[in-house]
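Notes to accompany the following structure.
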Amino acid sequence: MKYIYVYPELCTGCRVCALACSLKKNGVCNPKHSAIYVARDEFERWEYPIVCLQCEDPVCVEVCPQNAYTIEDGIVIHDEERCIGCRLCATLCPNAAINTMGTKILKCDLCGGDPECVKFCTTEAIKYLEETAELEQRRHALVNRLRSA
Amino acid sequence: MLKRKTAVVDLTEGTVKDITVSDELRRAYYGGRGLNMHYLLNMLTPGADPLGPKNVLIFGTGFLTGILAPNSGRFNISAKSPESQVVGDSNCGGFFAPELKYAGYERVIITGKAPEPSYIYIEDGTVEIRSADGYWGLDTQEVQKAFKRDLGMVESAVCGVAGEKLVRYACVRNGVKNAAGRSGMGAVMGSKNLKAMVARGTGGIEIADPEGLLRYTEELKDYIMSSKITPIIGSVGTPLLYEVSNAFGAIRTKNSQLNQWSSNLDAAEIDKHVEKMIACADCIVHCRHRNMQGGEGPEYTALGLVGANIGLDNADEVIRMNNLCNDLGLDISSSGTYMAWATELYEKGLITKEDTGGMELEFGNFEQYSELLRMINDREGFGDVLAEGRHAAATLNDPEGDYLITVKGLPQSDPHDVRYMKAFALGIATSSRGADHLRSRPTLEIFFKLPAEVKEKIYGAKVNSDPTSFDSKEIPVHFSDNIFATIDCMGLCKFICHGFNSPHYLSYPHFVGLINRATGWEVTEEELQTVGPRVIDTERIINIREGLVKSWDTLPKKYFDDPMPLGQAKGHHIDREEFAAALDRYYELRGWKPDGMVQEERIEELEGIA
């Protein structure tokens, strides 16, 4: 199984990943219309790409009143047909990885196995890699850290 | 497609009005610098006081700004310059320009003067003039942090205290370091009682062919990343150029009394002070340093102008000078030029302690120059005199500006001493905003070993391969002038465009590829090639209305009269006759009259575009 792994120390804050996502998924350009978001504060000197970590027991699946989320082949999929735009998932996701634009939910589905964002990152701050024990440990550690925060 | 609104804000009346922009006008100038110049041509009263309410201040995003196009996050700020004798215009990266577009506006044109300190807030299709109470008096970082604290995830373009106090070379800051640095646009903001432009937008920019643009931009990204230059710029940034210029003796040192300086400012030394390389919006190169001294930078410009030019050879001190200029909102090129100028005048005895308020100006004194920058910012004591820049020439006993490194009243932007490379000299002499490398510098001249046939292919004509000869140098200047103007209209960064750092990178066919996929238009390369000359002629007409005559297209006196003393460049200077002949050839190539004026039919044509 392949997942997106995030390396914030390599992120330059350019947001090209988010622009590519907004254009691919919504046909428009604005990094706010994207399922990957680069949180950044140049005055506090940090950049952090935020994208769904595809948790194994996701909060979004648990809380969605419409059962709009399912896990298919290890990927958490959002069903737009079922969704009523209540945004509970976005509010409660511990990773703040579910973005919204009005009542529209913007949630990473790994572009069906060919994530657009990764193609545009020139510093490898986001990578799409086959899982390894080491990488999985890293992903799980991040999920657990965010959940306990 | 790509179209956002254009607002005219009258700060005196407190009114905001949207105006329509025809497709004919958009295809004539596209955006950024080009459209800004169109509006200056039509709205600026010739002879207006640049620090008076009649000056017109324009914030204009590039045509491709905010979309998925490589390094496309840029905008231009334009007005009549309070610093130079001519048009003011400055191009800037950062994150403000895309945000303005997402907020629904591509251009905001500001006239009048607000009755009290104000800022302009733009959000999702609305423009408001708000009180700057609580923001006025803050430096450039403090005020941007305050806006984020009070308004959330906004992006802003601000002036510092230097702008409020009308320091003639106050710049506009966007982020920690990104600057619309040149020609005093921060002072124009201050003169209008305007502290900031603040934007926040949720609007998505619609694209005619989303999948086409995705695939084409990916292709361009791979092309740019395959260049040998890209990883170097991305790892050390522009300090790379310091060593290149210094090697043969072309670094402006101590107000151009010398032309070579310490290797302590080489890129490898600067690298020791870098925490991380970061990017502007939509940039795949990431040339900006986050330094360990708490700021961002330095660029090559800072190494030269607040390093070699004021006799500092300690990288840590130069970076601190750079950070101070950034926080205060002072243009580094002008600040370094004027401080070095005053120091030489002091050394030569043309001014004394009586003129400087007791300050014993000496090159290499970090504490003294840091203090002087603060005094300029606050217009305190001798700082109040230097805040006037070249306007203080008579007060400083250099009435003709013989010791000034300026053209058309604007200090030279980059640290390169152009007495050696004659194409660089012709470039800064003819640049529309005064001495500036970002207008027309044919950087490829610096690659001594570039084969003649490669140059011929780029420039479309044979160019003499001796960099010290004026022969045929009007050709690369004309070429660079045109493509740089086009790049400034697109909102792209020159770092990934043809002819600035590399003989490769993006050129007209690539710009056309991006425009057509984004808009659905069918623009041809030939059509796009007419944009640059149109912008340059428009700027020329504005400058002529402000009094420009042929004698303004010249160089600092020192460049003609004083041969370079050091290194490979030793003995080189500018020969007046050779320069005059090159200037005549440049005019001819540009289609201007022998006296440098624009043909009447051309004026009529450009004034008729609506």
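Letters for chains follow the order of the structure tokens (A, B, ...), residue numbers begin at 1 for each chain, and ligand numbers begin at 1 in the order shown.
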* Filtered DSSP result for stretch 9-148 of chain A, state strand (DSSP E or B), as a PyMOL selection string -> chain A and resi 28-29+37-41+46-50+69-72+75-78+99-101+104-106+126-130
* Asked: Can you list every residue in stretch 290-430 of chain B that DSSP puts in helix (DSSP H, G or I), as a count of residues only?
  -> 74
* **Spatial neighbours of A:Cys11, 10 Å, only C-alpha atoms, chain gap at least 4 places, as an MDAnalysis selection string** => (chainID A and resid 6:7 15 38 40 46:49 121:126) or (chainID B and resid 276:279 286)
Next, dump the selected residues to file, keeping only N, CA, C and O atoms, as a compact mmCIF listing (two decimals), in the first residue's frame.
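Below is the file selection36.txt, written as the result:
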# COMPACT_ATOMS: atom_id res chain seq x y z
N VAL A 6 4.88 13.01 4.90
CA VAL A 6 5.16 14.45 4.94
C VAL A 6 6.48 14.73 5.67
O VAL A 6 6.74 14.16 6.73
N TYR A 7 7.29 15.59 5.06
CA TYR A 7 8.59 15.97 5.65
C TYR A 7 8.64 17.50 5.79
O TYR A 7 9.18 18.19 4.91
N ARG A 15 3.35 26.16 -1.65
CA ARG A 15 1.94 25.83 -1.86
C ARG A 15 1.61 25.33 -3.27
O ARG A 15 0.43 25.31 -3.65
N VAL A 38 -0.84 23.92 3.09
CA VAL A 38 0.46 24.23 3.69
C VAL A 38 0.25 25.31 4.76
O VAL A 38 0.05 26.48 4.44
N ARG A 40 1.61 27.78 7.32
CA ARG A 40 2.93 28.43 7.35
C ARG A 40 2.84 29.75 8.10
O ARG A 40 1.79 30.40 8.13
N TRP A 46 8.04 28.83 10.29
CA TRP A 46 7.78 27.41 10.06
C TRP A 46 6.82 27.19 8.89
O TRP A 46 6.04 28.08 8.54
N GLU A 47 6.91 25.98 8.31
CA GLU A 47 6.01 25.55 7.23
C GLU A 47 5.62 24.11 7.53
O GLU A 47 6.45 23.34 8.03
N TYR A 48 4.36 23.76 7.24
CA TYR A 48 3.93 22.39 7.54
C TYR A 48 2.82 21.96 6.58
O TYR A 48 1.71 22.48 6.63
N PRO A 49 3.11 21.00 5.71
CA PRO A 49 2.05 20.53 4.80
C PRO A 49 1.09 19.61 5.58
O PRO A 49 1.54 18.68 6.26
N CYS A 121 5.89 18.77 -6.10
CA CYS A 121 6.79 19.14 -5.01
C CYS A 121 8.24 18.93 -5.45
O CYS A 121 8.63 17.81 -5.77
N THR A 122 9.02 20.01 -5.46
CA THR A 122 10.40 19.89 -5.95
C THR A 122 11.41 19.64 -4.83
O THR A 122 12.60 19.52 -5.09
N THR A 123 10.95 19.57 -3.58
CA THR A 123 11.90 19.35 -2.49
C THR A 123 11.66 18.04 -1.75
O THR A 123 12.30 17.77 -0.74
N GLU A 124 10.70 17.24 -2.24
CA GLU A 124 10.36 15.97 -1.60
C GLU A 124 9.86 16.16 -0.18
O GLU A 124 10.11 15.33 0.71
N ALA A 125 9.17 17.27 0.06
CA ALA A 125 8.57 17.50 1.37
C ALA A 125 7.30 16.66 1.51
O ALA A 125 6.84 16.39 2.62
N ILE A 126 6.70 16.30 0.38
CA ILE A 126 5.62 15.30 0.38
C ILE A 126 6.03 14.20 -0.59
O ILE A 126 6.46 14.48 -1.71
N LYS B 276 17.29 27.64 6.59
CA LYS B 276 16.46 26.91 5.62
C LYS B 276 16.26 27.79 4.39
O LYS B 276 16.23 29.01 4.52
N MET B 277 16.13 27.18 3.23
CA MET B 277 15.78 27.93 2.04
C MET B 277 14.25 27.86 1.88
O MET B 277 13.68 26.77 1.96
N ILE B 278 13.63 29.00 1.64
CA ILE B 278 12.17 29.03 1.53
C ILE B 278 11.74 29.72 0.23
O ILE B 278 12.56 30.28 -0.47
N ALA B 279 10.43 29.65 -0.02
CA ALA B 279 9.93 30.07 -1.33
C ALA B 279 8.87 31.15 -1.23
O ALA B 279 8.23 31.32 -0.21
N HIS B 286 12.84 28.21 -4.74
CA HIS B 286 13.14 28.54 -3.34
C HIS B 286 14.53 29.13 -3.11
O HIS B 286 15.38 28.54 -2.48
Residues of chain B at most 6 Å from chain A: nearest atom pair and distance in Å, only C-alpha atoms, as a Markdown table:
| residue | atom | partner | partner_atom | distance |
| --- | --- | --- | --- | --- |
| B:Ile67 | CA | A:Cys29 | CA | 5.3 |
| B:Leu68 | CA | A:Leu19 | CA | 5.9 |
| B:Gly204 | CA | A:Asn30 | CA | 5.0 |
| B:Ile205 | CA | A:Cys29 | CA | 4.8 |
| B:Glu206 | CA | A:Val28 | CA | 4.6 |
| B:Ile207 | CA | A:Val28 | CA | 5.9 |
| B:Pro210 | CA | A:Gly27 | CA | 5.6 |
| B:Ile278 | CA | A:Thr12 | CA | 4.2 |
| B:Ala279 | CA | A:Thr12 | CA | 5.2 |
| B:Cys280 | CA | A:Cys14 | CA | 5.7 |
| B:Ala281 | CA | A:Cys14 | CA | 4.7 |
| B:Asp282 | CA | A:Cys14 | CA | 5.1 |
| B:Cys283 | CA | A:Cys14 | CA | 5.5 |
Could you write those residues out with N, CA, C and O atoms, as a PDB file, in the first residue's frame?
ATOM      1  N   ILE B  67      -2.151  31.421 -10.335  1.00  0.00           N
ATOM      2  CA  ILE B  67      -2.555  30.145 -10.943  1.00  0.00           C
ATOM      3  C   ILE B  67      -1.398  29.155 -10.904  1.00  0.00           C
ATOM      4  O   ILE B  67      -0.276  29.507 -10.539  1.00  0.00           O
ATOM      5  N   LEU B  68      -1.675  27.941 -11.294  1.00  0.00           N
ATOM      6  CA  LEU B  68      -0.628  26.924 -11.336  1.00  0.00           C
ATOM      7  C   LEU B  68       0.271  27.186 -12.549  1.00  0.00           C
ATOM      8  O   LEU B  68       0.075  26.617 -13.611  1.00  0.00           O
ATOM      9  N   GLY B 204     -11.841  30.955  -6.196  1.00  0.00           N
ATOM     10  CA  GLY B 204     -10.951  30.150  -7.038  1.00  0.00           C
ATOM     11  C   GLY B 204     -10.847  30.791  -8.414  1.00  0.00           C
ATOM     12  O   GLY B 204     -11.845  31.268  -8.951  1.00  0.00           O
ATOM     13  N   ILE B 205      -9.649  30.811  -8.974  1.00  0.00           N
ATOM     14  CA  ILE B 205      -9.479  31.366 -10.312  1.00  0.00           C
ATOM     15  C   ILE B 205      -9.777  30.267 -11.327  1.00  0.00           C
ATOM     16  O   ILE B 205      -9.129  29.217 -11.330  1.00  0.00           O
ATOM     17  N   GLU B 206     -10.771  30.527 -12.173  1.00  0.00           N
ATOM     18  CA  GLU B 206     -11.181  29.504 -13.144  1.00  0.00           C
ATOM     19  C   GLU B 206     -10.183  29.386 -14.291  1.00  0.00           C
ATOM     20  O   GLU B 206      -9.630  30.380 -14.745  1.00  0.00           O
ATOM     21  N   ILE B 207      -9.972  28.176 -14.719  1.00  0.00           N
ATOM     22  CA  ILE B 207      -8.987  27.881 -15.757  1.00  0.00           C
ATOM     23  C   ILE B 207      -9.696  27.210 -16.926  1.00  0.00           C
ATOM     24  O   ILE B 207     -10.516  26.308 -16.727  1.00  0.00           O
ATOM     25  N   PRO B 210      -8.161  22.918 -17.300  1.00  0.00           N
ATOM     26  CA  PRO B 210      -7.446  22.515 -16.077  1.00  0.00           C
ATOM     27  C   PRO B 210      -6.450  21.386 -16.303  1.00  0.00           C
ATOM     28  O   PRO B 210      -5.287  21.485 -15.893  1.00  0.00           O
ATOM     29  N   ILE B 278      13.628  29.002   1.644  1.00  0.00           N
ATOM     30  CA  ILE B 278      12.170  29.028   1.529  1.00  0.00           C
ATOM     31  C   ILE B 278      11.736  29.716   0.232  1.00  0.00           C
ATOM     32  O   ILE B 278      12.564  30.282  -0.472  1.00  0.00           O
ATOM     33  N   ALA B 279      10.432  29.650  -0.023  1.00  0.00           N
ATOM     34  CA  ALA B 279       9.930  30.067  -1.333  1.00  0.00           C
ATOM     35  C   ALA B 279       8.872  31.150  -1.233  1.00  0.00           C
ATOM     36  O   ALA B 279       8.225  31.315  -0.205  1.00  0.00           O
ATOM     37  N   CYS B 280       8.684  31.863  -2.335  1.00  0.00           N
ATOM     38  CA  CYS B 280       7.512  32.718  -2.511  1.00  0.00           C
ATOM     39  C   CYS B 280       6.344  31.813  -2.922  1.00  0.00           C
ATOM     40  O   CYS B 280       6.539  30.635  -3.195  1.00  0.00           O
ATOM     41  N   ALA B 281       5.164  32.389  -3.023  1.00  0.00           N
ATOM     42  CA  ALA B 281       4.006  31.634  -3.482  1.00  0.00           C
ATOM     43  C   ALA B 281       4.286  31.078  -4.872  1.00  0.00           C
ATOM     44  O   ALA B 281       4.817  31.780  -5.737  1.00  0.00           O
ATOM     45  N   ASP B 282       3.939  29.827  -5.074  1.00  0.00           N
ATOM     46  CA  ASP B 282       3.978  29.172  -6.381  1.00  0.00           C
ATOM     47  C   ASP B 282       5.397  29.012  -6.945  1.00  0.00           C
ATOM     48  O   ASP B 282       5.559  28.819  -8.149  1.00  0.00           O
ATOM     49  N   CYS B 283       6.403  29.084  -6.093  1.00  0.00           N
ATOM     50  CA  CYS B 283       7.787  29.023  -6.562  1.00  0.00           C
ATOM     51  C   CYS B 283       8.383  27.641  -6.367  1.00  0.00           C
ATOM     52  O   CYS B 283       8.318  27.079  -5.276  1.00  0.00           O
TER      53      CYS B 283
END
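Take atom CA of B:Glu588 and atom CA of B:Tyr30: the distance between them is 26.1 Å.
With only C-alpha atoms as the basis for measurement, A:Val143 is the residue among A:Val143, A:Ala90, A:Ala149, A:Cys111 that approaches A:Glu56 most closely.
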* Close residues, B:Ser334 itself excluded, 9 Å, only C-alpha atoms, min 2 positions apart in chain, as a list in words -> Tyr169, Arg182, Ser183, Leu305, Leu330, Asp331, Ile332, Gly336, Thr337, Tyr338, Met339, Gly389, Leu410, Pro411, Gln412 and Ser413 of chain B
Now that the selection is made, can you save its residues with C-alpha atoms as a JSON list (two decimals), in the first residue's frame?
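What landed in result_29.json:
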[["chain", "number", "residue", "atom", "x", "y", "z"],
["B", 169, "TYR", "CA", 13.61, 55.26, -0.74],
["B", 182, "ARG", "CA", 12.92, 50.28, -5.69],
["B", 183, "SER", "CA", 11.96, 53.87, -6.39],
["B", 305, "LEU", "CA", 25.39, 47.42, -1.14],
["B", 330, "LEU", "CA", 14.22, 50.71, 3.49],
["B", 331, "ASP", "CA", 15.46, 49.84, 0.02],
["B", 332, "ILE", "CA", 18.81, 48.12, 0.48],
["B", 336, "GLY", "CA", 23.83, 51.29, 0.77],
["B", 337, "THR", "CA", 24.48, 53.67, -2.10],
["B", 338, "TYR", "CA", 23.62, 56.82, -0.14],
["B", 339, "MET", "CA", 25.54, 55.79, 3.00],
["B", 389, "GLY", "CA", 18.67, 60.63, -0.94],
["B", 410, "LEU", "CA", 17.91, 56.26, -8.96],
["B", 411, "PRO", "CA", 20.87, 54.58, -7.22],
["B", 412, "GLN", "CA", 22.18, 51.54, -9.07],
["B", 413, "SER", "CA", 20.33, 48.47, -7.83]]
* Asked: Which residues, written as number ranges by chain, have at least one atom at most 9 Å from B:Gly357, with only C-alpha atoms counted and residues fewer than 5 positions away on the same chain left out?
  -> B: 352, 381-382
* To do: Find the spatial neighbours of stretch 538-543 of chain B, counting only C-alpha atoms, within a cut-off of 6 Å - ignore same-chain residues fewer than 3 positions away - and output them as number ranges by chain.
  => B: 41, 86, 535, 546, 548
File of the preceding selection, all heavy atoms, as an mmCIF file, in the first residue's frame:
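Printed below is out.cif as written:
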data_model
loop_
_atom_site.group_PDB
_atom_site.id
_atom_site.type_symbol
_atom_site.label_atom_id
_atom_site.label_comp_id
_atom_site.auth_asym_id
_atom_site.auth_seq_id
_atom_site.Cartn_x
_atom_site.Cartn_y
_atom_site.Cartn_z
ATOM 1 N N LEU B 41 -0.106 56.228 -17.591
ATOM 2 C CA LEU B 41 -0.141 57.084 -18.788
ATOM 3 C C LEU B 41 -1.456 57.858 -18.857
ATOM 4 O O LEU B 41 -1.490 59.029 -19.197
ATOM 5 C CB LEU B 41 0.030 56.216 -20.044
ATOM 6 C CG LEU B 41 0.046 56.951 -21.387
ATOM 7 C CD1 LEU B 41 1.352 57.712 -21.565
ATOM 8 C CD2 LEU B 41 -0.132 55.982 -22.552
ATOM 9 N N VAL B 86 12.016 60.011 -12.585
ATOM 10 C CA VAL B 86 11.131 59.385 -13.577
ATOM 11 C C VAL B 86 10.069 58.475 -12.943
ATOM 12 O O VAL B 86 9.764 58.598 -11.752
ATOM 13 C CB VAL B 86 11.967 58.585 -14.599
ATOM 14 C CG1 VAL B 86 12.728 59.508 -15.534
ATOM 15 C CG2 VAL B 86 12.925 57.622 -13.894
ATOM 16 N N VAL B 535 5.220 48.153 -23.603
ATOM 17 C CA VAL B 535 5.390 48.593 -22.207
ATOM 18 C C VAL B 535 6.534 49.609 -22.115
ATOM 19 O O VAL B 535 6.406 50.665 -21.476
ATOM 20 C CB VAL B 535 5.695 47.386 -21.289
ATOM 21 C CG1 VAL B 535 6.007 47.849 -19.870
ATOM 22 C CG2 VAL B 535 4.531 46.397 -21.291
ATOM 23 N N GLU B 546 7.561 63.799 -18.045
ATOM 24 C CA GLU B 546 8.157 64.291 -16.798
ATOM 25 C C GLU B 546 9.461 65.029 -17.053
ATOM 26 O O GLU B 546 10.169 65.385 -16.108
ATOM 27 C CB GLU B 546 8.402 63.125 -15.826
ATOM 28 C CG GLU B 546 7.140 62.413 -15.368
ATOM 29 C CD GLU B 546 6.174 63.306 -14.586
ATOM 30 O OE1 GLU B 546 6.618 64.323 -14.010
ATOM 31 O OE2 GLU B 546 4.963 62.988 -14.577
ATOM 32 N N LEU B 548 12.062 63.993 -19.379
ATOM 33 C CA LEU B 548 13.229 63.237 -19.842
ATOM 34 C C LEU B 548 13.745 63.753 -21.182
ATOM 35 O O LEU B 548 12.965 63.995 -22.100
ATOM 36 C CB LEU B 548 12.879 61.741 -19.976
ATOM 37 C CG LEU B 548 13.989 60.838 -20.522
ATOM 38 C CD1 LEU B 548 14.073 59.552 -19.722
ATOM 39 C CD2 LEU B 548 13.800 60.519 -21.999
#
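One distance worth recording is that between atom CA of B:Ile310 and atom CA of B:Gln368, which is 10.8 Å.
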